[in-house]
Amino acid sequence: MTEIVTTERLILRKPAACDLDTVVAFFLSERAAYVGGPYTLGKAWRQFAAEVGHWDLLGYGMWAVTTKDSDQIIGLIGPWCPADWPETEIGWLMFDGSEGQGYAFEAAQAALRHAFEVLDWDTAVSYIDKDNTRSIALAERLGAKLDPSAPQPKPDQPCLIYRHPNPSEDRND
């Protein structure tokens with residue numbers, strides 16, 4: 001279990017109780033619109049509990065993203081694969097004030113490396129709301145391609161599915 005990953009500017013760590021208020025505030029806000037929000041207080045709390053529980057059940061999950069100079073969470077990024085997800089996902093949620101600085105790209109690159117090299121995933125997708133232009137741009141910047149034939153995680157709520165390139169396949173070309 002790798003609970004901490006570092007990049008040039010960031011620390012990706014297992015979510016902790018100290019992150020609760022910030023994460024719940026995100027899920028209560030309009031910023032959560034692309035992930036089914038804004039949520040009620042109870043649903044927001046349960047979503048954070050699911051993030052923490054994912055780690056306990058699978059030994060990995062989305063990391064709390066912080067800068068190296070502060071332990072204040074600025075987003076959640078990383079591997080996410082609930083039991084009913086058709087594929088392994090790299091997900092990201094960036095909180096108010098953390099966008100436009102390249103943090104999501106830097107953290108998502110590290111999460112993808114970890115998924116393919118440490119978790120030994122063969123594939124990774126990102127499920128993105130069709131109107132979430134910032135997430136679409138991030139997926140494309142990461143090299144992901146739209147995969148319209150991939151199975152939907154919630155067929156009653158279709159989304160765009162971006163497939164990330166597996167680095168080991170690039171080396172075999």
# chains A, B, ... in the order shown; residues from 1 in each chain; ligands from 1
>>> residues_around(residues="region 123-126 of chain A", least_positions_apart="2", cutoff="6 Å", atoms="only C-alpha atoms", output="list in words")
Thr88, Glu89, Ile90, Gly91, Trp121, Ile161, Tyr162, Arg163 and His164 of chain A
>>> residues_around(residues="Trp80 (chain A)", least_positions_apart="2", cutoff="12 Å", atoms="only C-alpha atoms", output="PDB file with N, CA and C atoms, in the first residue's frame")
ATOM      1  N   ALA A  50     -16.706   7.185   1.900  1.00  0.00           N
ATOM      2  CA  ALA A  50     -16.410   6.216   0.839  1.00  0.00           C
ATOM      3  C   ALA A  50     -14.974   6.375   0.336  1.00  0.00           C
ATOM      4  N   GLU A  51     -14.502   7.615   0.238  1.00  0.00           N
ATOM      5  CA  GLU A  51     -13.110   7.846  -0.180  1.00  0.00           C
ATOM      6  C   GLU A  51     -12.146   7.191   0.804  1.00  0.00           C
ATOM      7  N   VAL A  52     -12.391   7.391   2.086  1.00  0.00           N
ATOM      8  CA  VAL A  52     -11.538   6.808   3.120  1.00  0.00           C
ATOM      9  C   VAL A  52     -11.697   5.283   3.144  1.00  0.00           C
ATOM     10  N   GLY A  53     -12.925   4.806   3.033  1.00  0.00           N
ATOM     11  CA  GLY A  53     -13.193   3.378   3.060  1.00  0.00           C
ATOM     12  C   GLY A  53     -12.605   2.629   1.877  1.00  0.00           C
ATOM     13  N   HIS A  54     -12.534   3.289   0.714  1.00  0.00           N
ATOM     14  CA  HIS A  54     -11.930   2.682  -0.480  1.00  0.00           C
ATOM     15  C   HIS A  54     -10.505   2.233  -0.145  1.00  0.00           C
ATOM     16  N   TRP A  55      -9.782   3.075   0.584  1.00  0.00           N
ATOM     17  CA  TRP A  55      -8.425   2.739   0.997  1.00  0.00           C
ATOM     18  C   TRP A  55      -8.418   1.507   1.891  1.00  0.00           C
ATOM     19  N   LEU A  57     -10.636  -0.893   2.122  1.00  0.00           N
ATOM     20  CA  LEU A  57     -11.094  -2.095   1.432  1.00  0.00           C
ATOM     21  C   LEU A  57     -10.115  -2.604   0.376  1.00  0.00           C
ATOM     22  N   LEU A  58      -9.482  -1.683  -0.368  1.00  0.00           N
ATOM     23  CA  LEU A  58      -8.648  -2.076  -1.498  1.00  0.00           C
ATOM     24  C   LEU A  58      -7.155  -1.807  -1.305  1.00  0.00           C
ATOM     25  N   GLY A  59      -6.814  -1.027  -0.286  1.00  0.00           N
ATOM     26  CA  GLY A  59      -5.401  -0.713  -0.050  1.00  0.00           C
ATOM     27  C   GLY A  59      -4.897   0.467  -0.855  1.00  0.00           C
ATOM     28  N   TYR A  60      -5.771   1.121  -1.585  1.00  0.00           N
ATOM     29  CA  TYR A  60      -5.438   2.314  -2.361  1.00  0.00           C
ATOM     30  C   TYR A  60      -6.727   3.081  -2.623  1.00  0.00           C
ATOM     31  N   GLY A  61      -6.575   4.262  -3.173  1.00  0.00           N
ATOM     32  CA  GLY A  61      -7.734   5.090  -3.497  1.00  0.00           C
ATOM     33  C   GLY A  61      -7.283   6.452  -3.963  1.00  0.00           C
ATOM     34  N   MET A  62      -8.225   7.361  -4.030  1.00  0.00           N
ATOM     35  CA  MET A  62      -7.883   8.725  -4.415  1.00  0.00           C
ATOM     36  C   MET A  62      -7.101   9.357  -3.272  1.00  0.00           C
ATOM     37  N   TRP A  63      -6.042  10.066  -3.656  1.00  0.00           N
ATOM     38  CA  TRP A  63      -5.230  10.747  -2.662  1.00  0.00           C
ATOM     39  C   TRP A  63      -5.764  12.143  -2.390  1.00  0.00           C
ATOM     40  N   LEU A  76      -8.806  15.887  -4.676  1.00  0.00           N
ATOM     41  CA  LEU A  76      -8.694  14.438  -4.555  1.00  0.00           C
ATOM     42  C   LEU A  76      -8.410  13.889  -5.947  1.00  0.00           C
ATOM     43  N   ILE A  77      -7.361  13.100  -6.077  1.00  0.00           N
ATOM     44  CA  ILE A  77      -6.994  12.543  -7.386  1.00  0.00           C
ATOM     45  C   ILE A  77      -6.436  11.145  -7.180  1.00  0.00           C
ATOM     46  N   GLY A  78      -6.847  10.227  -8.068  1.00  0.00           N
ATOM     47  CA  GLY A  78      -6.228   8.913  -8.021  1.00  0.00           C
ATOM     48  C   GLY A  78      -7.121   7.779  -8.432  1.00  0.00           C
ATOM     49  N   PRO A  82     -15.055   1.497  -7.470  1.00  0.00           N
ATOM     50  CA  PRO A  82     -16.079   0.855  -6.654  1.00  0.00           C
ATOM     51  C   PRO A  82     -16.525  -0.472  -7.286  1.00  0.00           C
ATOM     52  N   ALA A  83     -17.155  -1.308  -6.516  1.00  0.00           N
ATOM     53  CA  ALA A  83     -17.519  -2.654  -6.954  1.00  0.00           C
ATOM     54  C   ALA A  83     -18.380  -2.662  -8.215  1.00  0.00           C
ATOM     55  N   ASP A  84     -19.178  -1.626  -8.440  1.00  0.00           N
ATOM     56  CA  ASP A  84     -20.059  -1.622  -9.604  1.00  0.00           C
ATOM     57  C   ASP A  84     -19.492  -0.840 -10.800  1.00  0.00           C
ATOM     58  N   TRP A  85     -18.249  -0.378 -10.709  1.00  0.00           N
ATOM     59  CA  TRP A  85     -17.626   0.316 -11.843  1.00  0.00           C
ATOM     60  C   TRP A  85     -17.177  -0.732 -12.857  1.00  0.00           C
ATOM     61  N   PRO A  86     -17.442  -0.519 -14.151  1.00  0.00           N
ATOM     62  CA  PRO A  86     -17.030  -1.516 -15.132  1.00  0.00           C
ATOM     63  C   PRO A  86     -15.525  -1.558 -15.386  1.00  0.00           C
ATOM     64  N   GLU A  87     -14.834  -0.458 -15.083  1.00  0.00           N
ATOM     65  CA  GLU A  87     -13.386  -0.413 -15.314  1.00  0.00           C
ATOM     66  C   GLU A  87     -12.709   0.366 -14.198  1.00  0.00           C
ATOM     67  N   THR A  88     -11.391   0.255 -14.164  1.00  0.00           N
ATOM     68  CA  THR A  88     -10.595   1.010 -13.204  1.00  0.00           C
ATOM     69  C   THR A  88     -10.481   2.456 -13.689  1.00  0.00           C
ATOM     70  N   GLU A  89     -10.698   3.374 -12.764  1.00  0.00           N
ATOM     71  CA  GLU A  89     -10.732   4.795 -13.119  1.00  0.00           C
ATOM     72  C   GLU A  89      -9.644   5.568 -12.392  1.00  0.00           C
ATOM     73  N   ILE A  90      -9.133   6.585 -13.070  1.00  0.00           N
ATOM     74  CA  ILE A  90      -8.366   7.633 -12.417  1.00  0.00           C
ATOM     75  C   ILE A  90      -9.306   8.833 -12.374  1.00  0.00           C
ATOM     76  N   GLY A  91      -9.660   9.216 -11.172  1.00  0.00           N
ATOM     77  CA  GLY A  91     -10.599  10.327 -10.992  1.00  0.00           C
ATOM     78  C   GLY A  91      -9.898  11.537 -10.424  1.00  0.00           C
ATOM     79  N   TRP A  92     -10.554  12.691 -10.592  1.00  0.00           N
ATOM     80  CA  TRP A  92     -10.004  13.913 -10.013  1.00  0.00           C
ATOM     81  C   TRP A  92     -11.107  14.878  -9.658  1.00  0.00           C
ATOM     82  N   LEU A  93     -10.904  15.537  -8.532  1.00  0.00           N
ATOM     83  CA  LEU A  93     -11.764  16.607  -8.043  1.00  0.00           C
ATOM     84  C   LEU A  93     -10.828  17.681  -7.519  1.00  0.00           C
ATOM     85  N   ALA A 111      -0.649   9.819 -10.451  1.00  0.00           N
ATOM     86  CA  ALA A 111      -1.653   8.781 -10.187  1.00  0.00           C
ATOM     87  C   ALA A 111      -1.669   7.738 -11.297  1.00  0.00           C
ATOM     88  N   LEU A 112      -1.556   8.176 -12.533  1.00  0.00           N
ATOM     89  CA  LEU A 112      -1.519   7.241 -13.653  1.00  0.00           C
ATOM     90  C   LEU A 112      -0.273   6.358 -13.599  1.00  0.00           C
ATOM     91  N   ALA A 115      -0.851   3.804 -10.949  1.00  0.00           N
ATOM     92  CA  ALA A 115      -1.833   2.781 -11.345  1.00  0.00           C
ATOM     93  C   ALA A 115      -1.211   1.740 -12.263  1.00  0.00           C
ATOM     94  N   LEU A 119       0.216  -0.551  -9.119  1.00  0.00           N
ATOM     95  CA  LEU A 119      -0.994  -1.371  -9.022  1.00  0.00           C
ATOM     96  C   LEU A 119      -1.083  -2.382 -10.156  1.00  0.00           C
ATOM     97  N   TRP A 121      -2.163  -2.029 -13.223  1.00  0.00           N
ATOM     98  CA  TRP A 121      -3.384  -1.980 -14.021  1.00  0.00           C
ATOM     99  C   TRP A 121      -3.014  -2.134 -15.496  1.00  0.00           C
ATOM    100  N   ALA A 124      -6.859   2.125 -17.752  1.00  0.00           N
ATOM    101  CA  ALA A 124      -7.454   3.125 -16.856  1.00  0.00           C
ATOM    102  C   ALA A 124      -8.290   4.069 -17.704  1.00  0.00           C
ATOM    103  N   VAL A 125      -9.442   4.418 -17.169  1.00  0.00           N
ATOM    104  CA  VAL A 125     -10.312   5.382 -17.827  1.00  0.00           C
ATOM    105  C   VAL A 125     -10.598   6.518 -16.861  1.00  0.00           C
ATOM    106  N   SER A 126     -11.164   7.579 -17.399  1.00  0.00           N
ATOM    107  CA  SER A 126     -11.732   8.646 -16.578  1.00  0.00           C
ATOM    108  C   SER A 126     -13.143   8.879 -17.073  1.00  0.00           C
ATOM    109  N   TYR A 127     -14.090   8.835 -16.152  1.00  0.00           N
ATOM    110  CA  TYR A 127     -15.499   9.080 -16.458  1.00  0.00           C
ATOM    111  C   TYR A 127     -15.764  10.563 -16.257  1.00  0.00           C
ATOM    112  N   PRO A 153     -20.438   3.572 -16.484  1.00  0.00           N
ATOM    113  CA  PRO A 153     -20.528   3.214 -15.066  1.00  0.00           C
ATOM    114  C   PRO A 153     -21.959   3.343 -14.536  1.00  0.00           C
TER     115      PRO A 153
END
>>> select_by_dssp(residues="region 32-108 of chain A", states="strand (DSSP E or B)", output="number ranges by chain")
A: 63-67, 75-80, 89-94
>>> write_last_selection(atoms="N, CA, C and O atoms", output="PDB file, in the first residue's frame")
ATOM      1  N   TRP A  63      -6.042  10.066  -3.656  1.00  0.00           N
ATOM      2  CA  TRP A  63      -5.230  10.747  -2.662  1.00  0.00           C
ATOM      3  C   TRP A  63      -5.764  12.143  -2.390  1.00  0.00           C
ATOM      4  O   TRP A  63      -6.307  12.794  -3.276  1.00  0.00           O
ATOM      5  N   ALA A  64      -5.541  12.596  -1.172  1.00  0.00           N
ATOM      6  CA  ALA A  64      -5.714  14.003  -0.844  1.00  0.00           C
ATOM      7  C   ALA A  64      -4.486  14.708  -1.417  1.00  0.00           C
ATOM      8  O   ALA A  64      -3.349  14.320  -1.137  1.00  0.00           O
ATOM      9  N   VAL A  65      -4.707  15.700  -2.244  1.00  0.00           N
ATOM     10  CA  VAL A  65      -3.614  16.438  -2.877  1.00  0.00           C
ATOM     11  C   VAL A  65      -3.329  17.677  -2.036  1.00  0.00           C
ATOM     12  O   VAL A  65      -4.232  18.451  -1.730  1.00  0.00           O
ATOM     13  N   THR A  66      -2.067  17.840  -1.659  1.00  0.00           N
ATOM     14  CA  THR A  66      -1.631  19.033  -0.938  1.00  0.00           C
ATOM     15  C   THR A  66      -0.365  19.563  -1.604  1.00  0.00           C
ATOM     16  O   THR A  66       0.327  18.823  -2.307  1.00  0.00           O
ATOM     17  N   THR A  67      -0.076  20.821  -1.370  1.00  0.00           N
ATOM     18  CA  THR A  67       1.203  21.351  -1.840  1.00  0.00           C
ATOM     19  C   THR A  67       2.257  20.990  -0.798  1.00  0.00           C
ATOM     20  O   THR A  67       1.930  20.681   0.354  1.00  0.00           O
ATOM     21  N   GLY A  75      -7.502  19.033  -3.389  1.00  0.00           N
ATOM     22  CA  GLY A  75      -8.243  18.180  -4.313  1.00  0.00           C
ATOM     23  C   GLY A  75      -8.083  16.727  -3.942  1.00  0.00           C
ATOM     24  O   GLY A  75      -7.352  16.379  -3.015  1.00  0.00           O
ATOM     25  N   LEU A  76      -8.806  15.887  -4.676  1.00  0.00           N
ATOM     26  CA  LEU A  76      -8.694  14.438  -4.555  1.00  0.00           C
ATOM     27  C   LEU A  76      -8.410  13.889  -5.947  1.00  0.00           C
ATOM     28  O   LEU A  76      -9.141  14.206  -6.895  1.00  0.00           O
ATOM     29  N   ILE A  77      -7.361  13.100  -6.077  1.00  0.00           N
ATOM     30  CA  ILE A  77      -6.994  12.543  -7.386  1.00  0.00           C
ATOM     31  C   ILE A  77      -6.436  11.145  -7.180  1.00  0.00           C
ATOM     32  O   ILE A  77      -5.636  10.923  -6.270  1.00  0.00           O
ATOM     33  N   GLY A  78      -6.847  10.227  -8.068  1.00  0.00           N
ATOM     34  CA  GLY A  78      -6.228   8.913  -8.021  1.00  0.00           C
ATOM     35  C   GLY A  78      -7.121   7.779  -8.432  1.00  0.00           C
ATOM     36  O   GLY A  78      -8.192   7.973  -9.003  1.00  0.00           O
ATOM     37  N   PRO A  79      -6.671   6.551  -8.129  1.00  0.00           N
ATOM     38  CA  PRO A  79      -7.390   5.344  -8.515  1.00  0.00           C
ATOM     39  C   PRO A  79      -8.725   5.245  -7.781  1.00  0.00           C
ATOM     40  O   PRO A  79      -8.806   5.476  -6.583  1.00  0.00           O
ATOM     41  N   TRP A  80      -9.740   4.868  -8.529  1.00  0.00           N
ATOM     42  CA  TRP A  80     -11.095   4.761  -7.974  1.00  0.00           C
ATOM     43  C   TRP A  80     -11.798   3.639  -8.712  1.00  0.00           C
ATOM     44  O   TRP A  80     -11.912   3.677  -9.935  1.00  0.00           O
ATOM     45  N   GLU A  89     -10.698   3.374 -12.764  1.00  0.00           N
ATOM     46  CA  GLU A  89     -10.732   4.795 -13.119  1.00  0.00           C
ATOM     47  C   GLU A  89      -9.644   5.568 -12.392  1.00  0.00           C
ATOM     48  O   GLU A  89      -9.321   5.276 -11.246  1.00  0.00           O
ATOM     49  N   ILE A  90      -9.133   6.585 -13.070  1.00  0.00           N
ATOM     50  CA  ILE A  90      -8.366   7.633 -12.417  1.00  0.00           C
ATOM     51  C   ILE A  90      -9.306   8.833 -12.374  1.00  0.00           C
ATOM     52  O   ILE A  90      -9.735   9.341 -13.418  1.00  0.00           O
ATOM     53  N   GLY A  91      -9.660   9.216 -11.172  1.00  0.00           N
ATOM     54  CA  GLY A  91     -10.599  10.327 -10.992  1.00  0.00           C
ATOM     55  C   GLY A  91      -9.898  11.537 -10.424  1.00  0.00           C
ATOM     56  O   GLY A  91      -8.798  11.447  -9.873  1.00  0.00           O
ATOM     57  N   TRP A  92     -10.554  12.691 -10.592  1.00  0.00           N
ATOM     58  CA  TRP A  92     -10.004  13.913 -10.013  1.00  0.00           C
ATOM     59  C   TRP A  92     -11.107  14.878  -9.658  1.00  0.00           C
ATOM     60  O   TRP A  92     -12.113  14.997 -10.348  1.00  0.00           O
ATOM     61  N   LEU A  93     -10.904  15.537  -8.532  1.00  0.00           N
ATOM     62  CA  LEU A  93     -11.764  16.607  -8.043  1.00  0.00           C
ATOM     63  C   LEU A  93     -10.828  17.681  -7.519  1.00  0.00           C
ATOM     64  O   LEU A  93     -10.050  17.433  -6.602  1.00  0.00           O
ATOM     65  N   MET A  94     -10.874  18.851  -8.110  1.00  0.00           N
ATOM     66  CA  MET A  94     -10.031  19.946  -7.617  1.00  0.00           C
ATOM     67  C   MET A  94     -10.925  20.985  -6.952  1.00  0.00           C
ATOM     68  O   MET A  94     -11.987  21.326  -7.466  1.00  0.00           O
TER      69      MET A  94
END
>>> closest_residue(among="A:Phe48, A:Tyr103, A:Tyr39, A:Phe116", to="Phe27 (chain A)", atoms="only C-alpha atoms")
A:Tyr39
>>> select_by_dssp(residues="region 6-61 of chain A", states="alpha helix (DSSP H)", output="ChimeraX atom specification")
/A:20-28,41-58
>>> residues_around(residues="Asp69 (chain A)", least_positions_apart="3", cutoff="10 Å", atoms="only C-alpha atoms", output="list in words")
Arg9, Leu10, Ile11, Thr66 and Gln72 of chain A
>>> write_last_selection(atoms="all heavy atoms", output="PDB file, in the first residue's frame")
ATOM      1  N   ARG A   9       5.979  19.453  -6.826  1.00  0.00           N
ATOM      2  CA  ARG A   9       5.357  20.479  -5.978  1.00  0.00           C
ATOM      3  C   ARG A   9       4.318  19.951  -5.005  1.00  0.00           C
ATOM      4  O   ARG A   9       3.832  20.702  -4.162  1.00  0.00           O
ATOM      5  CB  ARG A   9       4.665  21.534  -6.852  1.00  0.00           C
ATOM      6  CG  ARG A   9       5.579  22.222  -7.842  1.00  0.00           C
ATOM      7  CD  ARG A   9       4.823  23.217  -8.696  1.00  0.00           C
ATOM      8  NE  ARG A   9       3.818  22.532  -9.508  1.00  0.00           N
ATOM      9  CZ  ARG A   9       2.746  23.118 -10.023  1.00  0.00           C
ATOM     10  NH1 ARG A   9       2.524  24.385  -9.822  1.00  0.00           N
ATOM     11  NH2 ARG A   9       1.893  22.427 -10.756  1.00  0.00           N
ATOM     12  N   LEU A  10       3.967  18.659  -5.123  1.00  0.00           N
ATOM     13  CA  LEU A  10       2.802  18.155  -4.406  1.00  0.00           C
ATOM     14  C   LEU A  10       3.110  16.939  -3.546  1.00  0.00           C
ATOM     15  O   LEU A  10       4.058  16.205  -3.802  1.00  0.00           O
ATOM     16  CB  LEU A  10       1.716  17.757  -5.413  1.00  0.00           C
ATOM     17  CG  LEU A  10       1.255  18.835  -6.390  1.00  0.00           C
ATOM     18  CD1 LEU A  10       0.327  18.239  -7.431  1.00  0.00           C
ATOM     19  CD2 LEU A  10       0.583  19.976  -5.637  1.00  0.00           C
ATOM     20  N   ILE A  11       2.248  16.742  -2.561  1.00  0.00           N
ATOM     21  CA  ILE A  11       2.203  15.513  -1.786  1.00  0.00           C
ATOM     22  C   ILE A  11       0.807  14.936  -1.975  1.00  0.00           C
ATOM     23  O   ILE A  11      -0.198  15.624  -1.787  1.00  0.00           O
ATOM     24  CB  ILE A  11       2.489  15.762  -0.294  1.00  0.00           C
ATOM     25  CG1 ILE A  11       3.912  16.294  -0.120  1.00  0.00           C
ATOM     26  CG2 ILE A  11       2.267  14.478   0.520  1.00  0.00           C
ATOM     27  CD1 ILE A  11       4.254  16.716   1.290  1.00  0.00           C
ATOM     28  N   THR A  66      -2.067  17.840  -1.659  1.00  0.00           N
ATOM     29  CA  THR A  66      -1.631  19.033  -0.938  1.00  0.00           C
ATOM     30  C   THR A  66      -0.365  19.563  -1.604  1.00  0.00           C
ATOM     31  O   THR A  66       0.327  18.823  -2.307  1.00  0.00           O
ATOM     32  CB  THR A  66      -1.325  18.729   0.552  1.00  0.00           C
ATOM     33  OG1 THR A  66      -0.159  17.905   0.635  1.00  0.00           O
ATOM     34  CG2 THR A  66      -2.502  18.044   1.228  1.00  0.00           C
ATOM     35  N   GLN A  72      -2.957  21.514   3.719  1.00  0.00           N
ATOM     36  CA  GLN A  72      -4.359  21.786   3.389  1.00  0.00           C
ATOM     37  C   GLN A  72      -4.714  21.118   2.065  1.00  0.00           C
ATOM     38  O   GLN A  72      -4.063  21.361   1.055  1.00  0.00           O
ATOM     39  CB  GLN A  72      -4.597  23.305   3.286  1.00  0.00           C
ATOM     40  CG  GLN A  72      -6.004  23.696   2.878  1.00  0.00           C
ATOM     41  CD  GLN A  72      -7.061  23.243   3.874  1.00  0.00           C
ATOM     42  OE1 GLN A  72      -6.865  23.312   5.075  1.00  0.00           O
ATOM     43  NE2 GLN A  72      -8.180  22.761   3.366  1.00  0.00           N
TER      44      GLN A  72
END
>>> residues_around(residues="Leu160 (chain A)", least_positions_apart="5", cutoff="12 Å", atoms="only C-alpha atoms", output="PyMOL selection string")
chain A and resi 34+125-133+135-136+139+144-155
>>> atom_distance(atom1="CA of Thr7 (chain A)", atom2="CA of Asp71 (chain A)")
14.4 Å
>>> atom_distance(atom1="CA of Arg113 (chain A)", atom2="CA of Arg141 (chain A)")
15.0 Å
>>> closest_residue(among="A:Pro167, A:Gln47, A:Ala33, A:Leu20", to="His114 (chain A)", atoms="only C-alpha atoms")
A:Pro167
>>> closest_residue(among="A:Gln109, A:Pro15, A:Ile73, A:Ala25", to="Asp56 (chain A)", atoms="only C-alpha atoms")
A:Pro15
>>> closest_residue(among="A:Ala49, A:Ala137, A:Ala107, A:Cys159", to="Glu8 (chain A)", atoms="only C-alpha atoms")
A:Ala107
>>> closest_residue(among="A:Ala108, A:Ala44, A:Val118, A:Leu28", to="Glu140 (chain A)", atoms="only C-alpha atoms")
A:Ala108
>>> atom_distance(atom1="CA of Ala32 (chain A)", atom2="CA of Gly97 (chain A)")
14.2 Å
